[in-house]
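Peer 1: Quick one: structure below, then a few questions.
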Amino acid sequence: MNSFVQRECEILGKIIRVSYSTLEFDACLSRIVGILAEAFSTDLCALYAFHEDSNSFTLTASSYRDGIEADSSGSSRWGGLMGKVARSHRALFLAGDDQPDSNLKGMMKELTGPFSLALIPIADDGFFYGILLLYYCQPRRFEDEEREFLLIVGREISGPFRSSQFARIDATRLAEEKDRQANQLSLLYEINNALLSTMKFEQILHIILTAITIGDGMGFNRAMLFLSDERRNCLTGMMGVGPDNAEEAGNIWKKFEGKRDKLSEMLSSLSHNYSPKGTNLDERVRRVSIPLEKEGCILVRTVREQKPFNVDYGRDGLTCREDCELNKEINCILGSESKVDLVSYRFATVPLWGREGTIGVIVVDNLYNQRPITEDDIQLLTMFTRQAGLAIENCILYKYLTDAHLELKATQETLLQSEKLAALGEMAASVAHEIKNPLVSIGGFTRRLYKKLDNGLYEKGYAEVIIKEVNRLEGILNDILSFSNASKVVFEKFDLNRIIEETLIGMEDELKSQGIEVEQSLDSNLPEIPCDYRQIKQVFINLCSNSRDAMAGGGRLTVKSFPLSQEGRDYIGIEIGDTGGGIPFEVLHNIFNPFFTTKGWGTGLGLAICHRIVDGHRGVIEVDNDPGRGVTFIVKLPV
Amino acid sequence: MKKILVVDDEENIRLLYKEELEEEGYTVDVAINGQEALDKMNTFKPDLITLDIKMPGMDGVETLRRIREVQRNLPVILCSAYGEYKQDLTTWASDAYVIKTSDLNELKGTIRILLLND
């Protein structure tokens with residue numbers, strides 16, 4: 001008895017050692033079969049693995065004497081018995097001299113001659129892995145101790161079976177998981193590549209939404225992007241990508257079918273050649289603006305709680321209200337236009353993360369094919385939106401920088417321009433000043449000469465030419481000096497109407513001689529305003545002179561004064577209009593530039609001086625040009 | 001006969017003013033700078049002074065100030081190539097401000113008015 005137990009222990013020890021060795025499953029079973037065949041002196045010892053799905057056995061290991069072979073399928077000779085064991089999970093012992101019970105008689109028809117066998121289930125905790133067979137060509141009794149021992153062995157051998165099965169299941173599952181992750185990673189990589197291809201805001205958004213909707217990407221039917229506008233405290237629709245109806249969806253899907261371009265290339269080229277602008281969905285999304293205080297809105301919650309929502313409309317019940325902006329604009333839930341089946345309609349929201357918290361939200365749905373949105377989908381989308389959020393944020397920052405840069409550049413140019421003008425003015429003034437005195441001498445003495453010369457002498461004509469030319473030069477010098485001094489203003493209170501009247505009286509003769517009719521309409525109730533009399537008069541003189549020059553063949557000069565209010569400030573407006581044909585469109589932008597002129601004479605400083613003077617008075621000068629008819633200048637001076 | 005002192009650093013201007021004003025019937029003397037003008041006030045005793053602003057050394061504005069210290073009511077006309085001093089408050093101590101031009105009619109008119117008031 002003792003020796004029997006000791007032997008059992010030895011065998012069991014060997015089997016356990018083999019079971020927990022690092023041997024491959026098949027090698028491990030062969031060893032075990034070898035050990036048992038030797039220990040029990042069997043004619044045949046075999047292990048059959050059970051396959052639950054096909055309800056069949058396969059021989060996995062055997063050890064036999066010459067002339068006896070194990071049935072590799074395990075079906076023909078004792079198949080019926082093995083089936084019984086598989087169903088009952090109970091061992092079956094047949095000794096040659098036993099009377100098999102009537103149940104087994106039918107199954108043993110083909111078994112001829114004296115033999116004995118043991119079929120031991122390999123099982124643990126009710127899970128059945130296979131059968132251990134011990135077969136003898138002679139009758140053999142199985143002692144109780146042996147039976148018990150074999151049952152223990154059967155339980156013990158289930159170890160390797162179990163690990164092999166788990167390993168197989170795990171491997172398959174892991175492989176699938178790995179595949180999926182690899183796909184996701186390469187997808188994210190492709191999308192990222194596309195995102196890196198541009199810094200343009202609209203393009204970035206479009207790439208993001210296309211990646212979400214395109215079949216090779218995440219394959220949602222529609223995607224919409226909203227950004228939080230902190231200034232206005234609301235979520236603003238930025239873009240929507242997706243077909244407007246099921247028919248269009250079908251067409252688009254068909255178009256992309258079989259196209260196997262690299263996703264990133266496709267995305268980049270798409271965004272260069274195509275814009276979602278003009279589609280119904282996009283237009284509608286851009287109209288949406290949801291206050292960030294709005295209670296119950298799933299979009300607002302997504303931003304606030306910084307987590308995705310996968311909304312099954314049928315399951316979750318009413319999560320949105322009928323007055324929802326999104327609903328009104330894009331029929332996200334209750335839209336009748338899109339004939340949403342409320343029971344199966346699902347959508348999901350995913351926050352867009354920036355460096356510090358959420359910057360917006362992306363909404364996706366499968367409106368047209370009604371494919372359920374899985375947690376896997378959400379997970380991938382979340383991974384993607386983390387990158388997308390950063391891309392958008394970068395792009396916004398970049399835009400800010402670019403804008404700031406452009407603004408700086410513009411400011412610098414303005415500064416440079418005014419600096420240039422100032423330098424030019426200074427120089428012109430000093431030159432003009434130096435020229436002025438000699439010119440006064442030349443002109444003055446020529447006038448003296450002219451007076452002394454008798455009428456009719458041709459020398460008198462020469463003197464006259466000099467006088468006229470000197471006058472012209474003095475006019476030019478005055479212009480230049482006015483321009484460079486326009487910023488120096490002496491403010492006193494004046495009645496603008498009086499300045500206008502004085503200007504018109506001074507010009508009365510020349511206007512009349514040119515056949516120009518003057519139409520005055522001055523508001524007599526205007527307040528006096530602080531201004532530099534001489535400068536403002538110069539403005540009126542310059543404007544009226546331009547009008548006069550434009551109406552060489554006669555016309556009508558209209559002069560009006562009136563009070564007006566603009567952006568909460570009171571102004572006095574003065575209009576000086578002519579019927580001189582207006583300013584050609586192509587030169588209109590130049591008219592206030594110094595030294596620009598369309599006349600064959602003059603310095604081109606007239607309007608530039610007006611502009612500077614009015615600027616110096618914190619006023620505005622505007623042009624109302626009516627090409628072919630005339631032009632009206634409007635001067636607005638603050639009260 | 002009214003006496004006019006013409007102060008200008010430019011010789012030709014002095015000559016022009018002198019001849020033109022003499023033709024108008026005034027007695028005219030000239031000074032080439034502020035200091036000489038102050039000296040001639042005592043010897044020539046002018047009824048009116050035309051004073052160029054931009055002169056080397058003592059300029060017209062400073063000369064005007066000195067003149068006013070001596071003779072508060074003597075009419076003085078400031079002349080300059082351009083009105084750049086017009087906003088300088090010290091020039092307001094003058095009786096008139098005339099911008100130089102080859103056409104001396106404005107200057108003559110101003111002189112006539114000032115001497116008439118005198």
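Following the order of the structure tokens, first chain is A, next is B, and so on, with residues numbered from 1 inside each chain and ligands from 1 in the order they appear.
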Please, which residues of chain B, numbered as in this document, come out strand (DSSP E or B) from DSSP, as a ChimeraX atom specification?
Peer 2: /B:3-7,27-31,48-52,76-80,96-99
Peer 1: Selection from above, N, CA and C atoms, as a PDB file, in the first residue's frame, can you write it?
Peer 2:
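Printed below is selection-v7.pdb as written:
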```pdb
ATOM      1  N   LYS B   3       8.304 158.513 -42.144  1.00  0.00           N
ATOM      2  CA  LYS B   3       9.605 157.853 -42.303  1.00  0.00           C
ATOM      3  C   LYS B   3       9.460 156.355 -41.991  1.00  0.00           C
ATOM      4  N   ILE B   4      10.036 155.570 -42.887  1.00  0.00           N
ATOM      5  CA  ILE B   4       9.948 154.109 -42.712  1.00  0.00           C
ATOM      6  C   ILE B   4      11.350 153.520 -42.666  1.00  0.00           C
ATOM      7  N   LEU B   5      11.571 152.639 -41.656  1.00  0.00           N
ATOM      8  CA  LEU B   5      12.856 151.942 -41.560  1.00  0.00           C
ATOM      9  C   LEU B   5      12.657 150.493 -42.036  1.00  0.00           C
ATOM     10  N   VAL B   6      13.405 150.101 -43.070  1.00  0.00           N
ATOM     11  CA  VAL B   6      13.316 148.740 -43.598  1.00  0.00           C
ATOM     12  C   VAL B   6      14.473 147.904 -43.049  1.00  0.00           C
ATOM     13  N   VAL B   7      14.139 146.864 -42.316  1.00  0.00           N
ATOM     14  CA  VAL B   7      15.186 146.023 -41.739  1.00  0.00           C
ATOM     15  C   VAL B   7      15.176 144.653 -42.431  1.00  0.00           C
ATOM     16  N   THR B  27       9.804 158.579 -46.734  1.00  0.00           N
ATOM     17  CA  THR B  27      11.239 158.687 -46.571  1.00  0.00           C
ATOM     18  C   THR B  27      11.705 157.346 -46.026  1.00  0.00           C
ATOM     19  N   VAL B  28      12.647 156.713 -46.672  1.00  0.00           N
ATOM     20  CA  VAL B  28      13.014 155.347 -46.301  1.00  0.00           C
ATOM     21  C   VAL B  28      14.485 155.261 -45.940  1.00  0.00           C
ATOM     22  N   ASP B  29      14.755 154.601 -44.815  1.00  0.00           N
ATOM     23  CA  ASP B  29      16.136 154.243 -44.479  1.00  0.00           C
ATOM     24  C   ASP B  29      16.168 152.737 -44.263  1.00  0.00           C
ATOM     25  N   VAL B  30      17.377 152.148 -44.341  1.00  0.00           N
ATOM     26  CA  VAL B  30      17.475 150.690 -44.203  1.00  0.00           C
ATOM     27  C   VAL B  30      18.444 150.315 -43.087  1.00  0.00           C
ATOM     28  N   ALA B  31      18.217 149.120 -42.528  1.00  0.00           N
ATOM     29  CA  ALA B  31      19.167 148.561 -41.554  1.00  0.00           C
ATOM     30  C   ALA B  31      19.394 147.105 -41.944  1.00  0.00           C
ATOM     31  N   LEU B  48       7.490 154.079 -38.795  1.00  0.00           N
ATOM     32  CA  LEU B  48       7.069 152.677 -38.967  1.00  0.00           C
ATOM     33  C   LEU B  48       8.294 151.839 -39.336  1.00  0.00           C
ATOM     34  N   ILE B  49       8.288 150.599 -38.857  1.00  0.00           N
ATOM     35  CA  ILE B  49       9.408 149.711 -39.170  1.00  0.00           C
ATOM     36  C   ILE B  49       8.887 148.445 -39.855  1.00  0.00           C
ATOM     37  N   THR B  50       9.516 148.028 -40.981  1.00  0.00           N
ATOM     38  CA  THR B  50       9.257 146.680 -41.514  1.00  0.00           C
ATOM     39  C   THR B  50      10.445 145.820 -41.100  1.00  0.00           C
ATOM     40  N   LEU B  51      10.120 144.686 -40.523  1.00  0.00           N
ATOM     41  CA  LEU B  51      11.154 143.888 -39.858  1.00  0.00           C
ATOM     42  C   LEU B  51      11.151 142.457 -40.400  1.00  0.00           C
ATOM     43  N   ASP B  52      12.276 142.093 -41.005  1.00  0.00           N
ATOM     44  CA  ASP B  52      12.407 140.703 -41.459  1.00  0.00           C
ATOM     45  C   ASP B  52      12.596 139.808 -40.235  1.00  0.00           C
ATOM     46  N   VAL B  76       5.013 148.313 -36.114  1.00  0.00           N
ATOM     47  CA  VAL B  76       6.020 147.411 -36.677  1.00  0.00           C
ATOM     48  C   VAL B  76       5.314 146.325 -37.516  1.00  0.00           C
ATOM     49  N   ILE B  77       5.825 146.158 -38.736  1.00  0.00           N
ATOM     50  CA  ILE B  77       5.276 145.085 -39.584  1.00  0.00           C
ATOM     51  C   ILE B  77       6.318 143.975 -39.688  1.00  0.00           C
ATOM     52  N   LEU B  78       5.938 142.783 -39.254  1.00  0.00           N
ATOM     53  CA  LEU B  78       6.857 141.646 -39.404  1.00  0.00           C
ATOM     54  C   LEU B  78       6.706 141.068 -40.808  1.00  0.00           C
ATOM     55  N   CYS B  79       7.861 140.827 -41.453  1.00  0.00           N
ATOM     56  CA  CYS B  79       7.831 140.240 -42.784  1.00  0.00           C
ATOM     57  C   CYS B  79       8.588 138.928 -42.735  1.00  0.00           C
ATOM     58  N   SER B  80       8.047 137.935 -43.416  1.00  0.00           N
ATOM     59  CA  SER B  80       8.834 136.703 -43.504  1.00  0.00           C
ATOM     60  C   SER B  80       8.480 135.980 -44.782  1.00  0.00           C
ATOM     61  N   ALA B  96       1.387 144.031 -37.510  1.00  0.00           N
ATOM     62  CA  ALA B  96       0.915 143.301 -38.682  1.00  0.00           C
ATOM     63  C   ALA B  96       1.956 142.250 -39.051  1.00  0.00           C
ATOM     64  N   TYR B  97       1.484 141.309 -39.806  1.00  0.00           N
ATOM     65  CA  TYR B  97       2.360 140.217 -40.216  1.00  0.00           C
ATOM     66  C   TYR B  97       2.131 140.031 -41.712  1.00  0.00           C
ATOM     67  N   VAL B  98       3.180 140.239 -42.485  1.00  0.00           N
ATOM     68  CA  VAL B  98       3.014 140.180 -43.939  1.00  0.00           C
ATOM     69  C   VAL B  98       3.951 139.116 -44.500  1.00  0.00           C
ATOM     70  N   ILE B  99       3.406 138.301 -45.333  1.00  0.00           N
ATOM     71  CA  ILE B  99       4.249 137.284 -45.952  1.00  0.00           C
ATOM     72  C   ILE B  99       4.874 137.878 -47.207  1.00  0.00           C
TER      73      ILE B  99
END
```
Peer 1: Quick one: everything within 10 Å of Gly25 (chain B), counting only C-alpha atoms, minus sequence neighbours fewer than 5 positions away in the same chain. Send it as a ChimeraX atom specification.
Peer 2: /B:1-3,19-20
Peer 1: Output C-alpha atoms of each residue in that selection to a file, as a short mmCIF file (atom, residue, chain, number, x, y, z; two decimals), in the first residue's frame.
Peer 2:
```cif
data_model
loop_
_atom_site.label_atom_id
_atom_site.label_comp_id
_atom_site.auth_asym_id
_atom_site.auth_seq_id
_atom_site.Cartn_x
_atom_site.Cartn_y
_atom_site.Cartn_z
CA MET B 1 6.58 163.03 -44.83
CA LYS B 2 6.38 159.71 -42.93
CA LYS B 3 9.61 157.85 -42.30
CA GLU B 19 12.68 152.16 -54.00
CA GLU B 20 9.06 150.98 -53.98
#
```
Peer 1: Pick out the chain A residues within 12 Å of chain B. Count only C-alpha atoms. Give them as a PyMOL selection string.
Peer 2: chain A and resi 429-449+451-452+466-475+477-492+532-535
Peer 1: Generate the output file for the selected residues, C-alpha atoms, as a PDB file, in the first residue's frame.
Peer 2:
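Output saved as again05.pdb:
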```pdb
ATOM      1  CA  ALA A 429      10.619 124.013 -46.506  1.00  0.00           C
ATOM      2  CA  SER A 430      14.250 124.939 -46.086  1.00  0.00           C
ATOM      3  CA  VAL A 431      14.849 124.919 -49.834  1.00  0.00           C
ATOM      4  CA  ALA A 432      11.685 126.892 -50.432  1.00  0.00           C
ATOM      5  CA  HIS A 433      12.695 129.376 -47.795  1.00  0.00           C
ATOM      6  CA  GLU A 434      16.061 129.956 -49.394  1.00  0.00           C
ATOM      7  CA  ILE A 435      14.500 130.375 -52.802  1.00  0.00           C
ATOM      8  CA  LYS A 436      11.792 132.684 -51.587  1.00  0.00           C
ATOM      9  CA  ASN A 437      13.942 135.764 -50.971  1.00  0.00           C
ATOM     10  CA  PRO A 438      15.696 135.796 -54.348  1.00  0.00           C
ATOM     11  CA  LEU A 439      12.322 135.170 -55.964  1.00  0.00           C
ATOM     12  CA  VAL A 440      10.847 138.175 -54.201  1.00  0.00           C
ATOM     13  CA  SER A 441      13.756 140.264 -55.504  1.00  0.00           C
ATOM     14  CA  ILE A 442      13.398 138.978 -59.048  1.00  0.00           C
ATOM     15  CA  GLY A 443       9.671 139.433 -59.083  1.00  0.00           C
ATOM     16  CA  GLY A 444       9.772 142.767 -57.269  1.00  0.00           C
ATOM     17  CA  PHE A 445      12.306 144.340 -59.558  1.00  0.00           C
ATOM     18  CA  THR A 446      10.646 142.953 -62.652  1.00  0.00           C
ATOM     19  CA  ARG A 447       7.455 144.656 -61.541  1.00  0.00           C
ATOM     20  CA  ARG A 448       9.421 147.865 -61.159  1.00  0.00           C
ATOM     21  CA  LEU A 449      10.856 147.362 -64.612  1.00  0.00           C
ATOM     22  CA  LYS A 451       6.105 149.940 -64.479  1.00  0.00           C
ATOM     23  CA  LYS A 452       8.994 151.981 -65.941  1.00  0.00           C
ATOM     24  CA  ILE A 466       8.927 136.993 -65.875  1.00  0.00           C
ATOM     25  CA  ILE A 467       6.277 138.343 -63.498  1.00  0.00           C
ATOM     26  CA  LYS A 468       3.853 135.541 -64.400  1.00  0.00           C
ATOM     27  CA  GLU A 469       6.486 132.852 -64.033  1.00  0.00           C
ATOM     28  CA  VAL A 470       7.623 134.228 -60.691  1.00  0.00           C
ATOM     29  CA  ASN A 471       4.006 134.199 -59.542  1.00  0.00           C
ATOM     30  CA  ARG A 472       3.797 130.559 -60.515  1.00  0.00           C
ATOM     31  CA  LEU A 473       6.989 129.714 -58.647  1.00  0.00           C
ATOM     32  CA  GLU A 474       5.786 131.566 -55.572  1.00  0.00           C
ATOM     33  CA  GLY A 475       2.542 129.590 -55.718  1.00  0.00           C
ATOM     34  CA  LEU A 477       6.639 127.458 -52.844  1.00  0.00           C
ATOM     35  CA  ASN A 478       3.540 128.385 -50.861  1.00  0.00           C
ATOM     36  CA  ASP A 479       2.107 124.930 -51.487  1.00  0.00           C
ATOM     37  CA  ILE A 480       5.253 123.197 -50.309  1.00  0.00           C
ATOM     38  CA  LEU A 481       5.546 125.398 -47.243  1.00  0.00           C
ATOM     39  CA  SER A 482       1.875 124.892 -46.416  1.00  0.00           C
ATOM     40  CA  PHE A 483       2.269 121.165 -46.681  1.00  0.00           C
ATOM     41  CA  SER A 484       5.258 120.986 -44.393  1.00  0.00           C
ATOM     42  CA  ASN A 485       3.600 123.312 -41.907  1.00  0.00           C
ATOM     43  CA  ALA A 486       0.141 121.821 -41.998  1.00  0.00           C
ATOM     44  CA  SER A 487       0.610 120.063 -38.684  1.00  0.00           C
ATOM     45  CA  LYS A 488       1.280 123.326 -36.866  1.00  0.00           C
ATOM     46  CA  VAL A 489      -2.121 124.649 -36.047  1.00  0.00           C
ATOM     47  CA  VAL A 490      -3.258 127.810 -34.293  1.00  0.00           C
ATOM     48  CA  PHE A 491      -6.716 127.155 -32.950  1.00  0.00           C
ATOM     49  CA  GLU A 492      -9.230 129.936 -32.544  1.00  0.00           C
ATOM     50  CA  ASP A 532      -6.842 127.499 -37.762  1.00  0.00           C
ATOM     51  CA  TYR A 533      -8.452 130.153 -39.921  1.00  0.00           C
ATOM     52  CA  ARG A 534      -5.667 130.338 -42.457  1.00  0.00           C
ATOM     53  CA  GLN A 535      -5.413 126.564 -42.823  1.00  0.00           C
TER      54      GLN A 535
END
```
Peer 1: Give me the residues within 8 Å of region 565-578 of chain A as a list of chain:residue names, counting only C-alpha atoms and dropping any in the same chain fewer than 3 places off.
Peer 2: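 Non-adjacent residues within range: A:Leu526, A:Leu543, A:Cys544, A:Ser547, A:Ala550, A:Met551, A:Gly555, A:Arg556, A:Leu557, A:Thr558, A:Val559, A:Lys560, A:Ser561, A:Phe562, A:Gly630, A:Val631, A:Thr632, A:Phe633, A:Ile634, A:Val635, A:Lys636, A:Leu637, A:Pro638, A:Val639.
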Peer 1: So which residues of region 33-77 of chain B fall under alpha helix (DSSP H) by DSSP, listed as a PyMOL selection string?
Peer 2: chain B and resi 34-44+60-70
Peer 1: If we count only C-alpha atoms, what is near Asp59 (chain B) at a cut-off of 10 Å, once residues fewer than 4 positions away on the same chain are taken out, given as a PyMOL selection string?
Peer 2: chain B and resi 8-9+33-35+51-55+63-64
Peer 1: Go ahead and write the selection's residues with N, CA, C and O atoms as a PDB file, in the first residue's frame.
Peer 2:
```pdb
ATOM      1  N   ASP B   8      16.256 144.340 -43.127  1.00  0.00           N
ATOM      2  CA  ASP B   8      16.351 143.037 -43.815  1.00  0.00           C
ATOM      3  C   ASP B   8      17.816 142.734 -44.071  1.00  0.00           C
ATOM      4  O   ASP B   8      18.601 143.643 -44.370  1.00  0.00           O
ATOM      5  N   ASP B   9      18.183 141.450 -43.909  1.00  0.00           N
ATOM      6  CA  ASP B   9      19.594 141.112 -44.133  1.00  0.00           C
ATOM      7  C   ASP B   9      19.904 140.939 -45.615  1.00  0.00           C
ATOM      8  O   ASP B   9      21.053 140.844 -46.001  1.00  0.00           O
ATOM      9  N   ASN B  33      20.614 144.663 -39.920  1.00  0.00           N
ATOM     10  CA  ASN B  33      20.333 143.686 -38.866  1.00  0.00           C
ATOM     11  C   ASN B  33      19.623 144.357 -37.692  1.00  0.00           C
ATOM     12  O   ASN B  33      19.386 145.579 -37.702  1.00  0.00           O
ATOM     13  N   GLY B  34      19.289 143.571 -36.702  1.00  0.00           N
ATOM     14  CA  GLY B  34      18.511 144.053 -35.565  1.00  0.00           C
ATOM     15  C   GLY B  34      19.224 145.169 -34.807  1.00  0.00           C
ATOM     16  O   GLY B  34      18.596 146.163 -34.405  1.00  0.00           O
ATOM     17  N   GLN B  35      20.528 144.990 -34.596  1.00  0.00           N
ATOM     18  CA  GLN B  35      21.280 145.965 -33.817  1.00  0.00           C
ATOM     19  C   GLN B  35      21.284 147.342 -34.496  1.00  0.00           C
ATOM     20  O   GLN B  35      21.017 148.360 -33.866  1.00  0.00           O
ATOM     21  N   LEU B  51      10.120 144.686 -40.523  1.00  0.00           N
ATOM     22  CA  LEU B  51      11.154 143.888 -39.858  1.00  0.00           C
ATOM     23  C   LEU B  51      11.151 142.457 -40.400  1.00  0.00           C
ATOM     24  O   LEU B  51      10.147 141.739 -40.293  1.00  0.00           O
ATOM     25  N   ASP B  52      12.276 142.093 -41.005  1.00  0.00           N
ATOM     26  CA  ASP B  52      12.407 140.703 -41.459  1.00  0.00           C
ATOM     27  C   ASP B  52      12.596 139.808 -40.235  1.00  0.00           C
ATOM     28  O   ASP B  52      13.244 140.202 -39.272  1.00  0.00           O
ATOM     29  N   ILE B  53      12.012 138.624 -40.246  1.00  0.00           N
ATOM     30  CA  ILE B  53      12.137 137.765 -39.059  1.00  0.00           C
ATOM     31  C   ILE B  53      13.437 136.992 -39.085  1.00  0.00           C
ATOM     32  O   ILE B  53      14.176 136.946 -38.109  1.00  0.00           O
ATOM     33  N   LYS B  54      13.715 136.402 -40.248  1.00  0.00           N
ATOM     34  CA  LYS B  54      14.877 135.520 -40.285  1.00  0.00           C
ATOM     35  C   LYS B  54      16.140 136.298 -40.621  1.00  0.00           C
ATOM     36  O   LYS B  54      16.383 136.646 -41.776  1.00  0.00           O
ATOM     37  N   MET B  55      16.890 136.615 -39.595  1.00  0.00           N
ATOM     38  CA  MET B  55      18.151 137.339 -39.794  1.00  0.00           C
ATOM     39  C   MET B  55      19.220 136.678 -38.938  1.00  0.00           C
ATOM     40  O   MET B  55      18.924 136.169 -37.862  1.00  0.00           O
ATOM     41  N   THR B  63      14.395 141.454 -32.001  1.00  0.00           N
ATOM     42  CA  THR B  63      14.483 142.891 -32.283  1.00  0.00           C
ATOM     43  C   THR B  63      13.169 143.583 -31.910  1.00  0.00           C
ATOM     44  O   THR B  63      13.165 144.648 -31.286  1.00  0.00           O
ATOM     45  N   LEU B  64      12.052 142.928 -32.276  1.00  0.00           N
ATOM     46  CA  LEU B  64      10.731 143.483 -31.965  1.00  0.00           C
ATOM     47  C   LEU B  64      10.577 143.705 -30.465  1.00  0.00           C
ATOM     48  O   LEU B  64      10.086 144.734 -30.008  1.00  0.00           O
TER      49      LEU B  64
END
```
Peer 1: Please list as number ranges by chain every residue within 9 Å of region 154-169 of chain A, counting only C-alpha atoms and excluding residues in the same chain fewer than 6 positions away.
Peer 2: A: 12, 15-16, 19-20, 24-25, 28-29, 32, 49, 120-124, 128-132
